[in-house]
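Colleague: Sharing a structure with you now.
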Amino acid sequence: MKGLRDGKMILWLSAALAVFALALMVGENVPKSTASQEERRIAEVLSAMAGAGKVEVALFYAGEAERSYTGGPTGAVIVAEGAADMGVRLSLIRAARTLLGLAENAVDVFAMEAEP
């Protein structure tokens, strides 16, 4: 009788483990938005510029490790569909500098990889 209960216990543990593994796999496919409200708003403004296309923005702050955002951002990385065009790239840099009050060398702009 005890052997039968041990067999059921193994079956239940296997089922629980399978459900846990499935939950982990499903969780990996859920996009996680870590962009701040400020990053999303700036991306929205920049994407409205002629030729920019889809835009993503990442802002960096002094004391990033502590998440102490007492001051403004100290740097920005912009990834845009239209950034391969030098005119669009320069416009994105200029707009980001104006919006964020950053020096020119604190803003980097890259072309977005084409989606398959």
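Residues in the structure tokens are numbered from 1 in each chain, the chains being A, B, ... in the order shown, and ligands are numbered from 1 in the order shown.
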With a distance cut-off of 12 Å and only C-alpha atoms, select the neighbouring residues of Gln37 of chain A, excluding the residue or stretch itself and same-chain residues fewer than 4 positions from it, and output the selection as a list in words.

Modeller: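 Those residues are Ser33, Arg41, Ile42, Ala43, Glu44, Val57, Ala58 and Leu59 of chain A.
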
Colleague: Suppose we keep N, CA and C atoms; can you now write the selection as a PDB file, in the first residue's frame?

Modeller:
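Final output, saved to selection.pdb:
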ATOM      1  N   SER A  33       7.909  45.481 -20.318  1.00  0.00           N
ATOM      2  CA  SER A  33       8.195  46.875 -20.609  1.00  0.00           C
ATOM      3  C   SER A  33       8.894  47.493 -19.408  1.00  0.00           C
ATOM      4  N   ARG A  41       7.533  58.776 -23.476  1.00  0.00           N
ATOM      5  CA  ARG A  41       7.071  60.074 -23.988  1.00  0.00           C
ATOM      6  C   ARG A  41       8.079  60.655 -24.986  1.00  0.00           C
ATOM      7  N   ILE A  42       9.357  60.573 -24.679  1.00  0.00           N
ATOM      8  CA  ILE A  42      10.381  61.087 -25.588  1.00  0.00           C
ATOM      9  C   ILE A  42      10.381  60.273 -26.886  1.00  0.00           C
ATOM     10  N   ALA A  43      10.254  58.963 -26.788  1.00  0.00           N
ATOM     11  CA  ALA A  43      10.192  58.114 -27.978  1.00  0.00           C
ATOM     12  C   ALA A  43       8.988  58.492 -28.834  1.00  0.00           C
ATOM     13  N   GLU A  44       7.884  58.796 -28.202  1.00  0.00           N
ATOM     14  CA  GLU A  44       6.677  59.202 -28.918  1.00  0.00           C
ATOM     15  C   GLU A  44       6.920  60.506 -29.687  1.00  0.00           C
ATOM     16  N   VAL A  57      13.902  54.691 -26.745  1.00  0.00           N
ATOM     17  CA  VAL A  57      14.815  55.562 -26.009  1.00  0.00           C
ATOM     18  C   VAL A  57      15.193  54.912 -24.689  1.00  0.00           C
ATOM     19  N   ALA A  58      16.474  54.981 -24.359  1.00  0.00           N
ATOM     20  CA  ALA A  58      16.960  54.554 -23.039  1.00  0.00           C
ATOM     21  C   ALA A  58      17.704  55.743 -22.435  1.00  0.00           C
ATOM     22  N   LEU A  59      17.301  56.135 -21.242  1.00  0.00           N
ATOM     23  CA  LEU A  59      17.942  57.249 -20.543  1.00  0.00           C
ATOM     24  C   LEU A  59      18.827  56.719 -19.429  1.00  0.00           C
TER      25      LEU A  59
END

Colleague: Any idea what's packed within 9 Å of Ile78 of chain A, counting only C-alpha atoms, ignoring anything in its chain fewer than 6 positions away? Could you give it as a compact mmCIF listing (two decimals) with C-alpha atoms, in the first residue's frame?

Modeller:
# COMPACT_ATOMS: atom_id res chain seq x y z
CA ALA A 43 10.19 58.11 -27.98
CA VAL A 55 11.87 54.96 -31.99
CA GLU A 56 13.05 53.53 -28.69
CA VAL A 57 14.81 55.56 -26.01
CA ALA A 58 16.96 54.55 -23.04
CA LEU A 59 17.94 57.25 -20.54
CA LEU A 92 17.13 63.07 -33.47
CA ILE A 93 20.31 64.15 -31.66
CA ALA A 96 17.02 64.82 -27.70
CA VAL A 107 23.34 61.33 -26.98
CA ASP A 108 23.97 58.31 -29.20
CA VAL A 109 21.64 57.39 -32.08
CA PHE A 110 21.61 54.02 -33.83
CA ALA A 111 19.66 52.52 -36.70

Colleague: Could you please determine the separation between atom CA of Glu38 of chain A and atom CA of Gly53 of chain A in Å, to one decimal place?

Modeller: 18.7 Å

Colleague: Tell me which of A:Ala62, A:Ala76, A:Met86, A:Ala52 sits closest to Glu39 of chain A, counting only C-alpha atoms.

Modeller: A:Ala76

Colleague: With only C-alpha atoms as the counted atoms, please give the residues lying no more than 9 Å from Arg97 of chain A, apart from itself and same-chain residues fewer than 6 positions off, as a list in words.

Modeller: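 In the requested form, the answer reads Ala103, Glu104, Ala106 and Val107 of chain A.
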
Colleague: Write a file of the selected residues as a PDB file, in the first residue's frame, keeping C-alpha atoms.

Modeller:
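To be explicit, this is the file written out as out_18.pdb:
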ATOM      1  CA  ALA A 103      25.483  67.739 -24.368  1.00  0.00           C
ATOM      2  CA  GLU A 104      25.883  66.452 -27.925  1.00  0.00           C
ATOM      3  CA  ALA A 106      25.781  62.454 -24.272  1.00  0.00           C
ATOM      4  CA  VAL A 107      23.335  61.331 -26.979  1.00  0.00           C
TER       5      VAL A 107
END

Colleague: Measuring between only C-alpha atoms, which one of A:Glu81, A:Thr74, A:Arg94, A:Tyr61 shows the shortest distance to Met112 of chain A?

Modeller: A:Glu81

Colleague: Interatomic distance between atom CA of Gly51 of chain A and atom CA of Gly72 of chain A?

Modeller: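 Computing the Euclidean distance for atom CA of Gly51 of chain A and atom CA of Gly72 of chain A yields 27.7 Å.
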
Colleague: Name the residues of segment 56-114 of chain A that fall into strand (DSSP E or B) according to DSSP on the backbone, using the chain letters and numbers of this document, as a list of chain:residue names.

Modeller: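 Residues of segment 56-114 of chain A classed as strand (DSSP E or B): A:Glu56, A:Val57, A:Ala58, A:Leu59, A:Phe60, A:Tyr61, A:Pro73, A:Thr74, A:Gly75, A:Ala76, A:Val77, A:Ile78, A:Val79, A:Ala80, A:Val107, A:Asp108, A:Val109, A:Phe110, A:Ala111.
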